[in-house]
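structure_30.pdb follows (PDB, C-alpha atoms):
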ATOM      1  CA  MET A   1     135.369-158.762 -94.316
ATOM      2  CA  ASN A   2     137.174-155.981 -96.173
ATOM      3  CA  LEU A   3     135.199-152.794 -96.855
ATOM      4  CA  GLU A   4     136.259-150.274 -99.508
ATOM      5  CA  PHE A   5     135.116-146.660 -99.824
ATOM      6  CA  GLU A   6     135.257-143.721-102.229
ATOM      7  CA  ASN A   7     136.453-141.447 -99.458
ATOM      8  CA  GLY A   8     138.232-141.925 -96.141
ATOM      9  CA  ARG A   9     140.089-144.981 -94.929
ATOM     10  CA  SER A  10     139.004-148.506 -95.826
ATOM     11  CA  TYR A  11     138.995-151.145 -93.088
ATOM     12  CA  SER A  12     138.028-154.713 -92.281
ATOM     13  CA  VAL A  13     135.510-156.203 -89.840
ATOM     14  CA  ASP A  14     135.654-159.657 -88.245
ATOM     15  CA  ILE A  15     132.435-161.562 -88.928
ATOM     16  CA  THR A  16     131.450-163.843 -86.051
ATOM     17  CA  HIS A  17     127.840-164.793 -86.925
ATOM     18  CA  ASN A  18     125.449-165.069 -89.854
ATOM     19  CA  ILE A  19     121.884-164.691 -88.598
ATOM     20  CA  SER A  20     118.689-164.224 -90.619
ATOM     21  CA  GLY A  21     120.575-162.735 -93.571
ATOM     22  CA  PHE A  22     122.677-160.388 -91.405
ATOM     23  CA  LEU A  23     126.421-160.677 -91.105
ATOM     24  CA  VAL A  24     127.158-159.923 -87.443
ATOM     25  CA  SER A  25     130.318-158.910 -85.613
ATOM     26  CA  TYR A  26     130.044-159.547 -81.866
ATOM     27  CA  GLN A  27     132.968-160.011 -79.505
ATOM     28  CA  LYS A  28     131.567-161.700 -76.407
ATOM     29  CA  ILE A  29     134.664-160.796 -74.387
ATOM     30  CA  GLY A  30     133.192-157.293 -74.195
ATOM     31  CA  PHE A  31     129.952-158.656 -72.742
ATOM     32  CA  ASP A  32     131.106-160.823 -69.831
ATOM     33  CA  ASP A  33     131.597-163.757 -72.215
ATOM     34  CA  LEU A  34     127.876-163.997 -72.956
ATOM     35  CA  GLY A  35     127.276-165.764 -76.246
ATOM     36  CA  LEU A  36     125.105-163.912 -78.765
ATOM     37  CA  GLU A  37     122.889-166.979 -79.185
ATOM     38  CA  LYS A  38     121.770-166.519 -75.566
ATOM     39  CA  THR A  39     120.356-163.050 -76.284
ATOM     40  CA  ASP A  40     117.266-161.830 -78.144
ATOM     41  CA  VAL A  41     119.396-160.709 -81.106
ATOM     42  CA  GLU A  42     116.768-161.886 -83.616
ATOM     43  CA  PHE A  43     114.299-159.369 -82.170
ATOM     44  CA  LEU A  44     116.857-156.597 -82.761
ATOM     45  CA  LEU A  45     117.391-157.806 -86.341
ATOM     46  CA  ARG A  46     113.632-157.678 -86.962
ATOM     47  CA  ARG A  47     113.568-154.083 -85.667
ATOM     48  CA  ILE A  48     116.386-153.111 -88.034
ATOM     49  CA  THR A  49     114.712-154.880 -90.963
ATOM     50  CA  LYS A  50     111.395-153.135 -90.266
ATOM     51  CA  ILE A  51     112.973-149.667 -90.041
ATOM     52  CA  ALA A  52     115.054-150.293 -93.161
ATOM     53  CA  SER A  53     111.813-151.143 -94.980
ATOM     54  CA  ILE A  54     110.076-148.002 -93.686
ATOM     55  CA  LEU A  55     113.010-145.836 -94.845
ATOM     56  CA  GLU A  56     113.413-147.814 -98.097
ATOM     57  CA  VAL A  57     117.034-148.659 -97.347
ATOM     58  CA  LYS A  58     118.103-151.448 -99.683
ATOM     59  CA  PRO A  59     121.716-152.561 -99.145
ATOM     60  CA  SER A  60     123.439-155.366-100.982
ATOM     61  CA  GLN A  61     124.221-156.770 -97.525
ATOM     62  CA  PHE A  62     123.729-155.770 -93.893
ATOM     63  CA  LEU A  63     126.773-156.014 -91.647
ATOM     64  CA  LEU A  64     125.827-155.350 -88.026
ATOM     65  CA  GLU A  65     128.545-154.679 -85.462
ATOM     66  CA  LEU A  66     127.451-154.766 -81.821
ATOM     67  CA  VAL A  67     129.738-152.909 -79.442
ATOM     68  CA  SER A  68     129.815-151.818 -75.810
ATOM     69  CA  GLY A  69     127.219-149.235 -74.788
ATOM     70  CA  TYR A  70     129.984-146.706 -74.109
ATOM     71  CA  SER A  71     130.862-146.592 -77.813
ATOM     72  CA  ALA A  72     129.378-144.389 -80.539
ATOM     73  CA  ALA A  73     126.895-145.495 -83.177
ATOM     74  CA  ALA A  74     127.957-145.254 -86.809
ATOM     75  CA  CYS A  75     126.958-146.288 -90.300
ATOM     76  CA  HIS A  76     129.213-146.689 -93.337
ATOM     77  CA  VAL A  77     128.237-147.851 -96.809
ATOM     78  CA  ASP A  78     131.038-149.291 -98.895
ATOM     79  CA  LYS A  79     131.490-149.083-102.665
ATOM     80  CA  HIS A  80     129.568-152.326-103.134
ATOM     81  CA  GLY A  81     126.476-151.216-101.203
ATOM     82  CA  ILE A  82     127.295-153.103 -98.002
ATOM     83  CA  VAL A  83     125.803-151.262 -95.016
ATOM     84  CA  HIS A  84     128.056-151.517 -91.950
ATOM     85  CA  LEU A  85     125.834-150.518 -89.034
ATOM     86  CA  VAL A  86     127.570-150.089 -85.670
ATOM     87  CA  LEU A  87     125.261-150.069 -82.654
ATOM     88  CA  PRO A  88     126.282-149.620 -79.005
ATOM     89  CA  ILE A  89     124.323-151.993 -76.792
ATOM     90  CA  ASP A  90     123.842-153.068 -73.215
ATOM     91  CA  ILE A  91     122.682-156.577 -72.402
ATOM     92  CA  VAL A  92     120.321-156.820 -69.431
ATOM     93  CA  LYS A  93     119.054-160.290 -68.475
ATOM     94  CA  ASN A  94     119.921-161.487 -71.998
ATOM     95  CA  HIS A  95     117.927-158.620 -73.566
ATOM     96  CA  ILE A  96     119.788-156.359 -76.002
ATOM     97  CA  ALA A  97     119.054-152.712 -75.200
ATOM     98  CA  LEU A  98     119.998-149.705 -77.343
ATOM     99  CA  PRO A  99     120.601-146.249 -75.826
ATOM    100  CA  SER A 100     117.461-144.180 -76.340
ATOM    101  CA  ARG A 101     119.320-140.831 -76.172
ATOM    102  CA  GLY A 102     116.237-139.657 -74.256
ATOM    103  CA  ILE A 103     114.221-139.846 -77.475
ATOM    104  CA  ASP A 104     113.190-143.381 -78.438
ATOM    105  CA  ASP A 105     114.601-146.898 -78.249
ATOM    106  CA  ASP A 106     114.736-147.018 -82.062
ATOM    107  CA  TYR A 107     116.246-143.549 -82.527
ATOM    108  CA  LEU A 108     119.791-144.726 -83.278
ATOM    109  CA  ILE A 109     118.554-147.215 -85.882
ATOM    110  CA  TYR A 110     116.521-144.516 -87.645
ATOM    111  CA  HIS A 111     119.328-141.963 -87.618
ATOM    112  CA  GLU A 112     122.092-144.288 -88.760
ATOM    113  CA  LEU A 113     120.002-145.919 -91.484
ATOM    114  CA  MET A 114     119.191-142.457 -92.852
ATOM    115  CA  HIS A 115     122.928-142.067 -93.448
ATOM    116  CA  ALA A 116     122.848-145.355 -95.346
ATOM    117  CA  LYS A 117     119.844-144.190 -97.353
ATOM    118  CA  ASP A 118     121.643-141.008 -98.424
ATOM    119  CA  VAL A 119     124.648-142.940 -99.716
ATOM    120  CA  LEU A 120     122.628-145.673-101.425
ATOM    121  CA  GLU A 121     120.486-143.031-103.158
ATOM    122  CA  GLY A 122     123.510-140.994-104.278
ATOM    123  CA  LYS A 123     122.963-137.975-102.021
ATOM    124  CA  ASP A 124     126.194-138.615-100.146
ATOM    125  CA  ILE A 125     129.423-140.398-101.034
ATOM    126  CA  SER A 126     130.668-143.691 -99.669
ATOM    127  CA  SER A 127     132.989-142.816 -96.782
ATOM    128  CA  GLY A 128     135.110-144.903 -94.439
ATOM    129  CA  PHE A 129     136.952-143.545 -91.419
ATOM    130  CA  ILE A 130     137.580-139.777 -91.570
ATOM    131  CA  ASN A 131     140.608-138.350 -89.760
ATOM    132  CA  ILE A 132     139.637-134.969 -88.330
ATOM    133  CA  ASN A 133     143.223-133.694 -88.555
ATOM    134  CA  GLU A 134     143.616-134.726 -92.191
ATOM    135  CA  ASP A 135     140.198-133.750 -93.525
ATOM    136  CA  PHE A 136     138.437-131.376 -91.168
ATOM    137  CA  LYS A 137     136.027-130.110 -93.832
ATOM    138  CA  GLU A 138     134.765-133.634 -94.451
ATOM    139  CA  TYR A 139     134.385-134.124 -90.699
ATOM    140  CA  LEU A 140     132.364-130.927 -90.392
ATOM    141  CA  SER A 141     130.171-131.716 -93.390
ATOM    142  CA  GLY A 142     129.094-134.858 -91.527
ATOM    143  CA  PHE A 143     127.441-132.645 -88.917
ATOM    144  CA  LEU A 144     125.501-130.806 -91.626
ATOM    145  CA  ARG A 145     124.335-134.183 -92.896
ATOM    146  CA  ASP A 146     123.144-134.886 -89.335
ATOM    147  CA  PHE A 147     121.074-131.686 -89.368
ATOM    148  CA  SER A 148     119.550-132.697 -92.687
ATOM    149  CA  ILE A 149     118.677-136.127 -91.342
ATOM    150  CA  GLU A 150     117.203-134.937 -88.034
ATOM    151  CA  GLY A 151     115.003-132.467 -89.902
ATOM    152  CA  ARG A 152     113.791-135.091 -92.339
ATOM    153  CA  LEU A 153     113.010-137.472 -89.488
ATOM    154  CA  GLU A 154     111.049-134.651 -87.858
ATOM    155  CA  LYS A 155     109.049-134.044 -91.059
ATOM    156  CA  SER A 156     108.102-137.702 -91.259
ATOM    157  CA  ALA A 157     107.197-137.910 -87.540
ATOM    158  CA  LYS A 158     110.044-140.312 -86.769
ATOM    159  CA  PRO A 159     112.256-140.246 -83.640
ATOM    160  CA  HIS A 160     114.647-137.273 -83.842
ATOM    161  CA  TYR A 161     116.535-134.659 -81.850
ATOM    162  CA  PRO A 162     114.828-131.257 -81.541
ATOM    163  CA  LYS A 163     116.638-128.597 -83.546
ATOM    164  CA  GLN A 164     118.098-126.722 -80.563
ATOM    165  CA  GLN A 165     119.420-129.920 -79.002
ATOM    166  CA  ALA A 166     120.974-130.945 -82.317
ATOM    167  CA  ILE A 167     122.797-127.574 -82.434
ATOM    168  CA  GLU A 168     124.026-128.020 -78.859
ATOM    169  CA  ASN A 169     125.232-131.552 -79.642
ATOM    170  CA  VAL A 170     127.310-130.398 -82.608
ATOM    171  CA  TYR A 171     128.769-127.399 -80.804
ATOM    172  CA  ASN A 172     129.701-129.527 -77.788
ATOM    173  CA  CYS A 173     131.409-132.073 -80.064
ATOM    174  CA  LEU A 174     133.459-129.285 -81.637
ATOM    175  CA  LEU A 175     134.373-127.913 -78.206
ATOM    176  CA  GLU A 176     135.597-131.336 -77.121
ATOM    177  CA  GLU A 177     137.780-131.625 -80.230
ATOM    178  CA  PHE A 178     139.127-128.116 -79.586
ATOM    179  CA  GLU A 179     139.967-128.961 -75.982
ATOM    180  CA  ILE A 180     141.999-132.016 -76.989
ATOM    181  CA  GLY A 181     143.815-130.075 -79.704
ATOM    182  CA  ASN A 182     142.143-131.367 -82.874
ATOM    183  CA  ILE A 183     140.724-127.927 -83.776
ATOM    184  CA  ASP A 184     142.832-124.778 -83.644
ATOM    185  CA  GLU A 185     141.726-121.567 -81.950
ATOM    186  CA  LYS A 186     141.198-119.626 -85.192
ATOM    187  CA  THR A 187     138.853-122.282 -86.574
ATOM    188  CA  MET A 188     136.967-122.555 -83.292
ATOM    189  CA  ARG A 189     136.335-118.803 -83.318
ATOM    190  CA  LEU A 190     134.822-119.155 -86.789
ATOM    191  CA  LEU A 191     132.588-121.982 -85.633
ATOM    192  CA  SER A 192     130.683-120.084 -82.966
ATOM    193  CA  LYS A 193     127.380-121.424 -81.716
ATOM    194  CA  GLY A 194     125.673-118.746 -83.816
ATOM    195  CA  ILE A 195     127.370-120.012 -86.980
ATOM    196  CA  ILE A 196     126.425-123.599 -86.127
ATOM    197  CA  ALA A 197     122.813-122.461 -85.668
ATOM    198  CA  GLU A 198     122.901-120.736 -89.083
ATOM    199  CA  LEU A 199     124.273-123.883 -90.707
ATOM    200  CA  CYS A 200     121.509-125.851 -89.025
ATOM    201  CA  GLU A 201     118.851-123.533 -90.476
ATOM    202  CA  LEU A 202     120.369-123.914 -93.940
ATOM    203  CA  THR A 203     120.351-127.699 -93.828
ATOM    204  CA  TRP A 204     117.574-128.812 -91.455
ATOM    205  CA  GLY A 205     115.293-131.258 -93.217
ATOM    206  CA  LYS A 206     116.683-130.538 -96.664
ATOM    207  CA  GLU A 207     117.776-133.041 -99.311
ATOM    208  CA  LEU A 208     121.458-132.190 -99.753
ATOM    209  CA  SER A 209     124.153-133.509-102.037
ATOM    210  CA  HIS A 210     127.666-134.112-100.758
ATOM    211  CA  ASP A 211     128.937-131.146-102.791
ATOM    212  CA  GLU A 212     126.305-128.855-101.266
ATOM    213  CA  THR A 213     127.329-129.692 -97.703
ATOM    214  CA  CYS A 214     130.999-129.232 -98.603
ATOM    215  CA  ASP A 215     130.280-125.795-100.119
ATOM    216  CA  LEU A 216     128.477-124.694 -96.949
ATOM    217  CA  VAL A 217     131.440-125.818 -94.839
ATOM    218  CA  LYS A 218     133.879-123.864 -97.033
ATOM    219  CA  ARG A 219     131.760-120.729 -96.664
ATOM    220  CA  ALA A 220     131.605-121.135 -92.882
ATOM    221  CA  LEU A 221     135.381-121.410 -92.800
ATOM    222  CA  GLY A 222     135.779-118.332 -95.010
ATOM    223  CA  GLU A 223     137.198-120.251 -97.981
ATOM    224  CA  THR A 224     134.775-118.992-100.641
TER     225      THR A 224
END

As a first step, turn the structure in this file into structure tokens.
Amino acid sequence: MNLEFENGRSYSVDITHNISGFLVSYQKIGFDDLGLEKTDVEFLLRRITKIASILEVKPSQFLLELVSGYSAAACHVDKHGIVHLVLPIDIVKNHIALPSRGIDDDYLIYHELMHAKDVLEGKDISSGFININEDFKEYLSGFLRDFSIEGRLEKSAKPHYPKQQAIENVYNCLLEEFEIGNIDEKTMRLLSKGIIAELCELTWGKELSHDETCDLVKRALGET
């Protein structure tokens, strides 16, 4: 299936299953050749459906991609309202398990579907893959969107990272990118942990447009 976006790189996903209204991409070679039909995938789909209903996420179509537990979760909404939800999983005795991140077994579903909600409701733009070297500001604005989402999940008593841990997570991600050469030294000096904490305070739990997050990033980088 080809997915097209307003921003970032478009891409395609191989559909392997159609289950209970979900298009599913699952490569069993990554799971010791275990067929998806031998797992409790329908239970996972019911969890996603329930959380989508709670958050009032209404896509034109759900596309679920199940990947190895070492991978990162993600959520992209294409121009046609298709929600591509990527979830890292482990399969234990045919049971599909999501990483809890030390918070809750449903945390990743809540967080990623909040990204979908923001795009579907026009608070954020439809974005595909972002290249950090080509569009660093867009990459950084994604972290501010994370702060907004974690704060809103906190307000509604849903699984979320505490504020200080969310700040640490973002700063550590930036440090990793700096260490592998994707962020230069001048930019890293600007993005001190104190600045990240200030950006968190400005965005935590707030309803933000895409333009508002981009403006905050420009200010942090001394561009306005």

Checklist entry - Nearest to Ile48 of chain A: which of A:Ile103, A:Asn94, A:Leu64, A:Ile109 is it, counting only C-alpha atoms? => result A:Ile109

Checklist entry - At what distance in Å, to one decimal, does atom CA of Lys193 of chain A lie from atom CA of Ala116 of chain A? => result 27.9 Å

Checklist entry - Which of these, A:Ile96, A:Cys200, A:Val119, A:Leu144, has the shortest distance to Phe43 of chain A once you count only C-alpha atoms? => result A:Ile96

Checklist entry - Can you list what the PyMOL selection byres ((chain A and resi 11-13) around 8) grabs from this structure, as a count of residues only? => result 10

Segment 102-115 of chain A, all listed atoms, 3 Å padding on each side: what axis-aligned box centre and edge lengths in Å to one decimal come out, as AutoDock Vina command-line options?
--center_x 118.1 --center_y -143.4 --center_z -83.9 --size_x 15.7 --size_y 13.6 --size_z 25.2

Checklist entry - Residues at most 12 Å from Gly30 of chain A, counting all atoms listed in the file, excluding those fewer than 5 positions away in the same chain, as a PyMOL selection string? => result chain A and resi 25+35-36+66-71+88-91

Next on the checklist: Using the chain letters and numbers from this file, what does the PyMOL selection byres ((chain A and resi 23) around 12) select? Give the answer as number ranges by chain.
Outcome noted: A: 1, 13-22, 24-26, 45, 60-66, 82-86

Checklist entry - Quick one: residues within 8 Å of segment 170-182 of chain A, only C-alpha atoms counted, chain neighbours fewer than 2 positions away excluded, as a list of chain:residue names? => result A:Ile132, A:Asn133, A:Phe143, A:Ala166, A:Ile167, A:Glu168, A:Asp184, A:Glu185, A:Met188, A:Ser192, A:Lys193, A:Ile196

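Distance check against Asp40 of chain A using only C-alpha atoms: of A:Arg152, A:His95, A:Lys218, A:Lys123, the minimum falls on A:His95.
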
Checklist outcome for this item: In Å and to one decimal, atom CA of Asn131 of chain A is distant from atom CA of Thr203 of chain A by 23.2 Å

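Note that the spacing between atom CA of Lys117 of chain A and atom CA of Ala52 of chain A amounts to 8.8 Å.
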
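You can rank A:Ala73, A:Ala97, A:Leu55, A:Val92 by their closest distance to Leu113 of chain A using all atoms listed in the file, and at the top of that list sits A:Leu55.
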
Item to check | Close residues, Gly222 of chain A itself excluded, 12 Å, only C-alpha atoms, min 4 positions apart in chain, as a list in words | outcome: Lys137, Lys186, Thr187, Arg189, Leu190, Leu191, Ile195, Asp215, Leu216, Val217 and Lys218 of chain A

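Each of A:Asp146, A:Glu6, A:Glu37, A:Asp211 was checked against Leu199 of chain A using only C-alpha atoms; the smallest atom-to-atom distance is that of A:Asp146.
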
Item to check | Picked residues, the PyMOL selection byres ((chain A and resi 209) around 9), expected as an MDAnalysis selection string | outcome: chainID A and resid 118 122:125 207:208 210:214

Checklist outcome for this item: For His80 of chain A, the closest of A:Lys93, A:Asp104, A:Leu120, A:Glu56 counting all atoms listed in the file is A:Leu120

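All residues of protein, DNA or RNA that reach within 6 Å of Ser148 of chain A, judged by only C-alpha atoms and not counting those fewer than 2 positions away in the chain, are A:Arg145, A:Asp146, A:Glu150, A:Gly151, A:Thr203, A:Trp204, A:Gly205, A:Lys206.
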
Next on the checklist: Can you pull out the residues contacting His115 of chain A? Cut-off 8 Å, using all atoms listed in the file, and skip same-chain residues under 3 positions away; I want them as a PyMOL selection string.
Outcome noted: chain A and resi 75-76+111-112+118-119+149
